$ cat final33.cif   # mmCIF, C-alpha atoms
data_protein
loop_
_atom_site.label_atom_id
_atom_site.label_comp_id
_atom_site.auth_asym_id
_atom_site.auth_seq_id
_atom_site.Cartn_x
_atom_site.Cartn_y
_atom_site.Cartn_z
CA VAL A 10 93.19 94.99 97.59
CA LYS A 11 92.02 91.50 98.36
CA GLU A 12 88.40 90.88 99.19
CA GLU A 13 87.62 89.96 102.81
CA VAL A 14 85.82 86.67 103.30
CA THR A 15 83.68 86.08 106.39
CA THR A 16 82.98 82.55 107.62
CA THR A 17 81.47 81.03 110.72
CA ILE A 18 81.53 77.60 112.29
CA SER A 19 78.28 75.68 112.45
CA ARG A 20 75.97 75.98 115.45
CA GLU A 21 76.43 72.27 116.23
CA GLU A 22 80.24 72.53 116.29
CA SER A 23 80.13 75.62 118.48
CA GLN A 24 77.87 73.96 121.01
CA THR A 25 80.12 70.91 121.39
CA SER A 26 82.75 73.07 123.06
CA SER A 27 80.29 74.11 125.77
CA SER A 28 78.22 70.93 126.05
CA THR A 29 79.47 70.25 129.58
CA MET A 30 77.58 73.23 130.96
CA LYS A 31 74.07 72.56 132.17
CA SER A 32 72.69 76.10 131.84
CA ILE A 33 70.08 77.10 129.32
CA PRO A 34 71.55 79.37 126.64
CA ARG A 35 70.41 82.98 126.75
CA PHE A 36 71.09 83.20 123.02
CA CYS A 37 73.38 81.57 120.51
CA ASN A 38 76.15 83.47 118.81
CA LEU A 39 78.73 82.18 116.40
CA PRO A 40 82.21 83.72 116.36
CA GLN A 41 83.04 85.83 113.33
CA VAL A 42 86.05 84.80 111.27
CA LYS A 43 87.47 87.09 108.59
CA ILE A 44 90.21 85.70 106.37
CA LEU A 45 92.21 88.76 105.34
CA GLY A 46 94.89 89.15 102.73
CA ASP A 47 98.56 88.39 103.35
CA GLY A 48 97.92 85.39 105.58
CA LEU A 49 96.02 87.14 108.34
CA ALA A 50 92.71 86.24 109.95
CA HIS A 51 90.62 88.11 112.51
CA VAL A 52 88.51 86.00 114.86
CA SER A 53 86.06 87.97 116.97
CA GLU A 54 83.23 87.55 119.45
CA ILE A 55 84.40 84.24 120.93
CA TYR A 56 82.48 83.57 124.10
CA ALA A 57 80.72 80.68 125.79
CA GLN A 58 77.40 79.72 124.28
CA TYR A 59 76.05 79.09 127.78
CA VAL A 60 76.35 81.34 130.81
CA PRO A 61 77.31 79.02 133.70
CA GLN A 62 75.54 79.32 137.00
CA ILE A 63 76.55 78.22 140.52
CA SER A 64 74.81 74.86 139.90
CA ASP A 65 77.34 74.19 137.10
CA LEU A 66 80.21 74.03 139.59
CA ASP A 67 81.08 70.43 140.45
CA ASN A 68 82.37 70.90 143.97
CA ILE A 69 80.80 73.92 145.56
CA ASP A 70 82.75 74.99 148.61
CA ASN A 71 80.20 76.79 150.80
CA GLU A 72 83.02 78.76 152.42
CA LEU A 73 83.99 80.42 149.14
CA SER A 74 83.15 84.08 148.80
CA LEU A 75 80.81 85.23 146.06
CA ASP A 76 83.84 86.72 144.22
CA ASP A 77 85.64 83.35 144.30
CA ARG A 78 82.54 81.58 142.97
CA GLU A 79 82.24 84.16 140.19
CA ALA A 80 85.92 83.58 139.35
CA GLN A 81 85.30 79.82 139.12
CA LEU A 82 82.36 80.45 136.78
CA ALA A 83 84.58 82.76 134.70
CA VAL A 84 87.11 79.92 134.43
CA LEU A 85 84.36 77.61 133.10
CA GLU A 86 83.57 80.21 130.46
CA ALA A 87 87.26 80.70 129.63
CA LYS A 88 87.73 76.96 129.09
CA CYS A 89 84.81 77.01 126.66
CA VAL A 90 86.25 80.06 124.89
CA PHE A 91 89.65 78.39 124.44
CA ASN A 92 88.01 75.17 123.20
CA THR A 93 85.99 77.16 120.67
CA LEU A 94 89.14 78.99 119.54
CA ARG A 95 90.98 75.65 119.13
CA LEU A 96 88.11 74.39 116.93
CA ILE A 97 88.11 77.56 114.83
CA LEU A 98 91.88 77.47 114.35
CA SER A 99 91.80 73.82 113.29
CA ARG A 100 89.26 74.64 110.57
CA LEU A 101 90.56 77.88 109.15
CA ASP A 102 90.57 77.63 105.37
CA TRP A 103 93.19 80.00 104.00
CA SER A 104 92.20 79.18 100.43
CA LEU A 105 89.22 81.51 100.92
CA SER A 106 91.63 84.46 100.80
CA GLY A 107 92.75 83.62 97.29
CA TYR A 108 96.24 82.74 98.50
CA GLU A 109 97.80 80.07 96.33
CA GLY A 110 100.99 79.45 98.31
CA GLU A 111 102.28 76.33 100.00
CA MET A 112 99.99 76.69 103.03
CA SER A 113 96.84 77.87 101.26
CA GLY A 114 94.48 75.27 102.72
CA HIS A 115 96.20 74.57 106.04
CA SER A 116 94.62 75.28 109.39
CA ALA A 117 96.29 77.16 112.24
CA THR A 118 97.29 76.44 115.82
CA ALA A 119 97.43 78.49 119.01
CA LYS A 120 101.04 79.33 118.13
CA ASP A 121 99.81 81.17 115.03
CA VAL A 122 97.81 83.63 117.16
CA VAL A 123 99.78 86.87 117.30
CA PHE A 124 97.46 89.17 119.29
CA VAL A 125 94.60 88.61 121.74
CA HIS A 126 92.00 90.98 123.16
CA LEU A 127 90.71 89.37 126.36
CA TYR A 128 87.62 90.98 127.88
CA LEU A 129 86.65 90.11 131.46
CA SER A 130 83.65 91.19 133.50
CA SER A 131 86.02 91.67 136.46
CA ILE A 132 89.80 91.99 136.64
CA SER A 133 89.66 89.77 139.75
CA HIS A 134 89.12 86.83 137.35
CA PHE A 135 92.43 87.48 135.58
CA ALA A 136 94.75 85.38 137.77
CA LYS A 137 92.65 82.21 137.50
CA ILE A 138 91.95 82.62 133.79
CA ASN A 139 95.61 83.41 133.10
CA THR A 140 96.48 79.84 134.15
CA TYR A 141 94.35 78.49 131.28
CA TYR A 142 95.62 81.20 128.93
CA GLN A 143 99.18 79.98 129.59
CA GLN A 144 98.17 76.34 129.10
CA PHE A 145 96.56 77.17 125.76
CA PHE A 146 99.16 79.56 124.33
CA GLY A 147 102.24 78.43 126.27
CA ILE A 148 104.58 80.52 128.36
CA VAL A 149 107.41 81.04 125.88
CA LEU A 150 106.56 83.87 123.47
CA PRO A 151 102.79 83.79 123.88
CA PRO A 152 100.81 86.20 121.71
CA SER A 153 100.68 89.85 122.72
CA ARG A 154 97.47 90.69 124.48
CA SER A 155 95.36 93.34 126.02
CA CYS A 156 93.15 92.41 128.94
CA VAL A 157 90.28 94.74 129.68
CA ALA A 158 87.87 94.62 132.61
CA VAL A 159 84.63 95.81 131.06
CA GLY A 160 82.35 95.53 134.09
CA GLU A 161 79.58 93.23 135.15
CA ASN A 162 76.86 92.58 132.55
CA ALA A 163 78.78 94.54 129.88
CA LEU A 164 79.49 91.43 127.78
CA PRO A 165 76.67 89.89 125.70
CA GLY A 166 74.19 87.85 127.71
CA GLY A 167 75.85 88.60 131.04
CA ARG A 168 78.97 86.64 130.14
CA ARG A 169 82.20 86.96 132.07
CA VAL A 170 84.77 86.28 129.30
CA MET A 171 85.10 87.20 125.62
CA LEU A 172 88.07 86.93 123.28
CA ASP A 173 89.09 88.40 119.91
CA CYS A 174 92.35 87.54 118.19
CA ILE A 175 94.54 88.03 115.13
CA VAL A 176 96.03 84.94 113.49
CA GLN A 177 99.00 84.96 111.11
CA ARG A 178 99.23 81.88 108.89
CA GLY A 179 102.31 79.79 109.58
CA SER A 180 103.84 82.11 112.17
CA GLY A 181 103.80 79.48 114.92
CA ALA A 182 106.64 77.32 113.67
CA TYR A 183 108.66 80.33 112.60
CA MET A 184 108.18 82.64 115.58
CA ARG A 185 107.88 80.32 118.57
CA ILE A 186 110.38 78.13 120.37
CA GLN A 187 109.72 75.25 122.74
CA PRO A 188 110.51 75.80 126.46
CA GLU A 189 112.89 72.82 126.44
CA THR A 190 114.94 74.31 123.58
CA ASP A 191 118.60 74.59 124.54
CA LEU A 192 119.75 78.22 124.60
CA ASP A 193 122.84 77.30 122.56
CA THR A 194 120.57 76.63 119.60
CA LEU A 195 119.38 80.23 119.84
CA SER A 196 122.89 81.66 119.62
CA THR A 197 122.30 82.80 116.05
CA PHE A 198 119.59 85.13 117.36
CA LEU A 199 121.72 86.58 120.16
CA PRO A 200 124.02 89.57 119.59
CA LYS A 201 127.65 88.70 119.04
CA LYS A 202 130.20 90.05 121.48
#
$ encode --input "final33.cif" --output "structure tokens"
Amino acid sequence: VKEEVTTTISREESQTSSSTMKSIPRFCNLPQVKILGDGLAHVSEIYAQYVPQISDLDNIDNELSLDDREAQLAVLEAKCVFNTLRLILSRLDWSLSGYEGEMSGHSATAKDVVFVHLYLSSISHFAKINTYYQQFFGIVLPPSRSCVAVGENALPGGRRVMLDCIVQRGSGAYMRIQPETDLDTLSTFLPKK
């Protein structure tokens, strides 16, 4: 059994992904990263360091309902969450797991994420956040996910979005295809008639 290694990114790096928000942080939390054996990593507790407020919205449409404004604020948080995840993936150090293979020190990409737990304060935010989810992970073979509406003020510090994920080293190039890939090139994967 290989020993689990826990690492975190620095406070300064974490704050750069949310530096566009003007709100005062309620508290600072760093995501937890566990490099597991067999090329797996678990990244948990990824959420925005700042809880955006209405004043953080650039163009406030006074005709928007309170629910629509909350959804826009949830999108701001989701963008920060995805930026933080991108930073974490780029700095994963697989050598911490004791793996000595070809990819031991390489980082990961969004295509190496194999499962996502997405927690939302309201399921009404899902449609708008899903647009950014698709931009980040792509639409062809994105990672499996569960999306759970946990209720208002259930996430730490009154946040609206939190993400946990499982990363498998090197799975992106192997498991994913590009949307522009010609289907004829996939014929080896299709059943023969």
$ residues_around --input "final33.cif" --residues "Arg168 in chain A" --least-positions-apart "4" --cutoff "7 Å" --atoms "all atoms listed in the file" --output "PDB file with C-alpha atoms, in the frame of the given file"
ATOM      1  CA  VAL A  60      76.350  81.340 130.810  1.00  0.00           C
ATOM      2  CA  ASN A 162      76.860  92.580 132.550  1.00  0.00           C
ATOM      3  CA  LEU A 164      79.490  91.430 127.780  1.00  0.00           C
TER       4      LEU A 164
END
$ closest_residue --input "final33.cif" --among "A:Ser130, A:Ser116, A:Ser99, A:Ser180" --to "Leu82 in chain A" --atoms "all atoms listed in the file"
A:Ser130
$ residues_around --input "final33.cif" --residues "Val157 in chain A" --least-positions-apart "4" --cutoff "7 Å" --atoms "all atoms listed in the file" --output "JSON list (two decimals) with C-alpha atoms, in the coordinates of the input"
[["chain", "number", "residue", "atom", "x", "y", "z"],
["A", 127, "LEU", "CA", 90.71, 89.37, 126.36],
["A", 128, "TYR", "CA", 87.62, 90.98, 127.88],
["A", 129, "LEU", "CA", 86.65, 90.11, 131.46]]
$ residues_around --input "final33.cif" --residues "Arg95 in chain A" --least-positions-apart "5" --cutoff "9 Å" --atoms "all atoms listed in the file" --output "ChimeraX atom specification"
/A:90,100,117-119,145
$ atom_distance --input "final33.cif" --atom1 "CA of Leu172 in chain A" --atom2 "CA of Phe91 in chain A"
8.8 Å
$ atom_distance --input "final33.cif" --atom1 "CA of Lys88 in chain A" --atom2 "CA of Ala50 in chain A"
21.8 Å
$ atom_distance --input "final33.cif" --atom1 "CA of Gly181 in chain A" --atom2 "CA of His134 in chain A"
27.8 Å
$ resolve_selection --input "final33.cif" --expression "the PyMOL selection byres ((chain A and resi 83) around 10)" --output "PyMOL selection string"
chain A and resi 57+60-62+77-82+84-89+129-131+134-135+137-138+168-170
$ write_last_selection --input "final33.cif" --atoms "C-alpha atoms" --output "mmCIF file, in the coordinates of the input"
data_model
loop_
_atom_site.group_PDB
_atom_site.id
_atom_site.type_symbol
_atom_site.label_atom_id
_atom_site.label_comp_id
_atom_site.auth_asym_id
_atom_site.auth_seq_id
_atom_site.Cartn_x
_atom_site.Cartn_y
_atom_site.Cartn_z
ATOM 1 C CA ALA A 57 80.720 80.680 125.790
ATOM 2 C CA VAL A 60 76.350 81.340 130.810
ATOM 3 C CA PRO A 61 77.310 79.020 133.700
ATOM 4 C CA GLN A 62 75.540 79.320 137.000
ATOM 5 C CA ASP A 77 85.640 83.350 144.300
ATOM 6 C CA ARG A 78 82.540 81.580 142.970
ATOM 7 C CA GLU A 79 82.240 84.160 140.190
ATOM 8 C CA ALA A 80 85.920 83.580 139.350
ATOM 9 C CA GLN A 81 85.300 79.820 139.120
ATOM 10 C CA LEU A 82 82.360 80.450 136.780
ATOM 11 C CA VAL A 84 87.110 79.920 134.430
ATOM 12 C CA LEU A 85 84.360 77.610 133.100
ATOM 13 C CA GLU A 86 83.570 80.210 130.460
ATOM 14 C CA ALA A 87 87.260 80.700 129.630
ATOM 15 C CA LYS A 88 87.730 76.960 129.090
ATOM 16 C CA CYS A 89 84.810 77.010 126.660
ATOM 17 C CA LEU A 129 86.650 90.110 131.460
ATOM 18 C CA SER A 130 83.650 91.190 133.500
ATOM 19 C CA SER A 131 86.020 91.670 136.460
ATOM 20 C CA HIS A 134 89.120 86.830 137.350
ATOM 21 C CA PHE A 135 92.430 87.480 135.580
ATOM 22 C CA LYS A 137 92.650 82.210 137.500
ATOM 23 C CA ILE A 138 91.950 82.620 133.790
ATOM 24 C CA ARG A 168 78.970 86.640 130.140
ATOM 25 C CA ARG A 169 82.200 86.960 132.070
ATOM 26 C CA VAL A 170 84.770 86.280 129.300
#
$ residues_around --input "final33.cif" --residues "Leu49 in chain A" --least-positions-apart "4" --cutoff "6 Å" --atoms "only C-alpha atoms" --output "MDAnalysis selection string"
chainID A and resid 45 176:177
$ write_last_selection --input "final33.cif" --atoms "C-alpha atoms" --output "PDB file, keeping the file's coordinate frame"
ATOM      1  CA  LEU A  45      92.210  88.760 105.340  1.00  0.00           C
ATOM      2  CA  VAL A 176      96.030  84.940 113.490  1.00  0.00           C
ATOM      3  CA  GLN A 177      99.000  84.960 111.110  1.00  0.00           C
TER       4      GLN A 177
END
$ resolve_selection --input "final33.cif" --expression "the PyMOL selection byres ((chain A and resi 147) around 12)" --output "list in words"
Thr118, Ala119, Lys120, Asp121, Val122, Asn139, Thr140, Tyr141, Tyr142, Gln143, Gln144, Phe145, Phe146, Ile148, Val149, Leu150, Pro151, Pro152, Gly181, Arg185, Ile186, Gln187 and Pro188 of chain A
$ closest_residue --input "final33.cif" --among "A:Thr93, A:Ser133, A:Ser153, A:Ser64" --to "Leu39 in chain A" --atoms "all atoms listed in the file"
A:Thr93
$ closest_residue --input "final33.cif" --among "A:Asn92, A:Ser53, A:Ser155, A:Ser104" --to "Met171 in chain A" --atoms "only C-alpha atoms"
A:Ser53
$ residues_near_point --input "final33.cif" --point "(90.0, 87.5, 117.1)" --cutoff "6 Å" --atoms "only C-alpha atoms" --output "PyMOL selection string"
chain A and resi 51-53+173-175
$ axis_aligned_box --input "final33.cif" --around "range 91-97 of chain A" --padding-each-side "6 Å" --output "AutoDock Vina command-line options"
--center_x 88.5 --center_y 76.7 --center_z 119.6 --size_x 17.0 --size_y 16.6 --size_z 21.6
$ closest_residue --input "final33.cif" --among "A:Tyr56, A:Asn38, A:Cys156, A:Arg178" --to "Asp102 in chain A" --atoms "all atoms listed in the file"
A:Arg178
$ decode --input "final33.cif" --residues "range 49-66 of chain A" --atoms "N, CA and C atoms" --output "PDB file, in the first residue's frame"
ATOM      1  N   LEU A  49      -3.491   8.193  -9.470  1.00  0.00           N
ATOM      2  CA  LEU A  49      -4.725   8.902  -9.154  1.00  0.00           C
ATOM      3  C   LEU A  49      -4.450  10.050  -8.185  1.00  0.00           C
ATOM      4  N   ALA A  50      -5.260  11.080  -8.296  1.00  0.00           N
ATOM      5  CA  ALA A  50      -5.208  12.192  -7.343  1.00  0.00           C
ATOM      6  C   ALA A  50      -6.641  12.586  -7.001  1.00  0.00           C
ATOM      7  N   HIS A  51      -6.843  12.991  -5.764  1.00  0.00           N
ATOM      8  CA  HIS A  51      -8.149  13.492  -5.324  1.00  0.00           C
ATOM      9  C   HIS A  51      -7.969  14.951  -4.940  1.00  0.00           C
ATOM     10  N   VAL A  52      -8.729  15.813  -5.595  1.00  0.00           N
ATOM     11  CA  VAL A  52      -8.677  17.251  -5.306  1.00  0.00           C
ATOM     12  C   VAL A  52     -10.020  17.617  -4.702  1.00  0.00           C
ATOM     13  N   SER A  53     -10.001  18.178  -3.503  1.00  0.00           N
ATOM     14  CA  SER A  53     -11.267  18.462  -2.824  1.00  0.00           C
ATOM     15  C   SER A  53     -11.303  19.890  -2.283  1.00  0.00           C
ATOM     16  N   GLU A  54     -12.517  20.300  -1.976  1.00  0.00           N
ATOM     17  CA  GLU A  54     -12.782  21.612  -1.379  1.00  0.00           C
ATOM     18  C   GLU A  54     -12.282  22.757  -2.253  1.00  0.00           C
ATOM     19  N   ILE A  55     -12.623  22.718  -3.543  1.00  0.00           N
ATOM     20  CA  ILE A  55     -12.264  23.826  -4.433  1.00  0.00           C
ATOM     21  C   ILE A  55     -13.450  24.770  -4.474  1.00  0.00           C
ATOM     22  N   TYR A  56     -13.265  25.937  -3.931  1.00  0.00           N
ATOM     23  CA  TYR A  56     -14.297  26.970  -4.037  1.00  0.00           C
ATOM     24  C   TYR A  56     -13.635  28.324  -4.050  1.00  0.00           C
ATOM     25  N   ALA A  57     -14.415  29.338  -4.422  1.00  0.00           N
ATOM     26  CA  ALA A  57     -13.890  30.695  -4.543  1.00  0.00           C
ATOM     27  C   ALA A  57     -13.406  31.188  -3.187  1.00  0.00           C
ATOM     28  N   GLN A  58     -12.292  31.894  -3.203  1.00  0.00           N
ATOM     29  CA  GLN A  58     -11.771  32.450  -1.956  1.00  0.00           C
ATOM     30  C   GLN A  58     -12.601  33.641  -1.485  1.00  0.00           C
ATOM     31  N   TYR A  59     -13.318  34.244  -2.407  1.00  0.00           N
ATOM     32  CA  TYR A  59     -14.158  35.398  -2.085  1.00  0.00           C
ATOM     33  C   TYR A  59     -15.591  35.088  -2.471  1.00  0.00           C
ATOM     34  N   VAL A  60     -16.523  35.517  -1.629  1.00  0.00           N
ATOM     35  CA  VAL A  60     -17.936  35.332  -1.929  1.00  0.00           C
ATOM     36  C   VAL A  60     -18.409  36.606  -2.627  1.00  0.00           C
ATOM     37  N   PRO A  61     -18.707  36.526  -3.937  1.00  0.00           N
ATOM     38  CA  PRO A  61     -19.110  37.741  -4.656  1.00  0.00           C
ATOM     39  C   PRO A  61     -20.457  38.267  -4.188  1.00  0.00           C
ATOM     40  N   GLN A  62     -20.582  39.554  -4.273  1.00  0.00           N
ATOM     41  CA  GLN A  62     -21.816  40.244  -3.906  1.00  0.00           C
ATOM     42  C   GLN A  62     -22.371  40.937  -5.156  1.00  0.00           C
ATOM     43  N   ILE A  63     -23.560  41.478  -5.066  1.00  0.00           N
ATOM     44  CA  ILE A  63     -24.191  42.164  -6.203  1.00  0.00           C
ATOM     45  C   ILE A  63     -23.264  43.238  -6.768  1.00  0.00           C
ATOM     46  N   SER A  64     -22.524  43.929  -5.922  1.00  0.00           N
ATOM     47  CA  SER A  64     -21.620  45.000  -6.383  1.00  0.00           C
ATOM     48  C   SER A  64     -20.490  44.470  -7.265  1.00  0.00           C
ATOM     49  N   ASP A  65     -20.245  43.161  -7.243  1.00  0.00           N
ATOM     50  CA  ASP A  65     -19.202  42.561  -8.084  1.00  0.00           C
ATOM     51  C   ASP A  65     -19.650  42.350  -9.527  1.00  0.00           C
ATOM     52  N   LEU A  66     -20.942  42.449  -9.770  1.00  0.00           N
ATOM     53  CA  LEU A  66     -21.450  42.286 -11.130  1.00  0.00           C
ATOM     54  C   LEU A  66     -21.167  43.550 -11.923  1.00  0.00           C
TER      55      LEU A  66
END
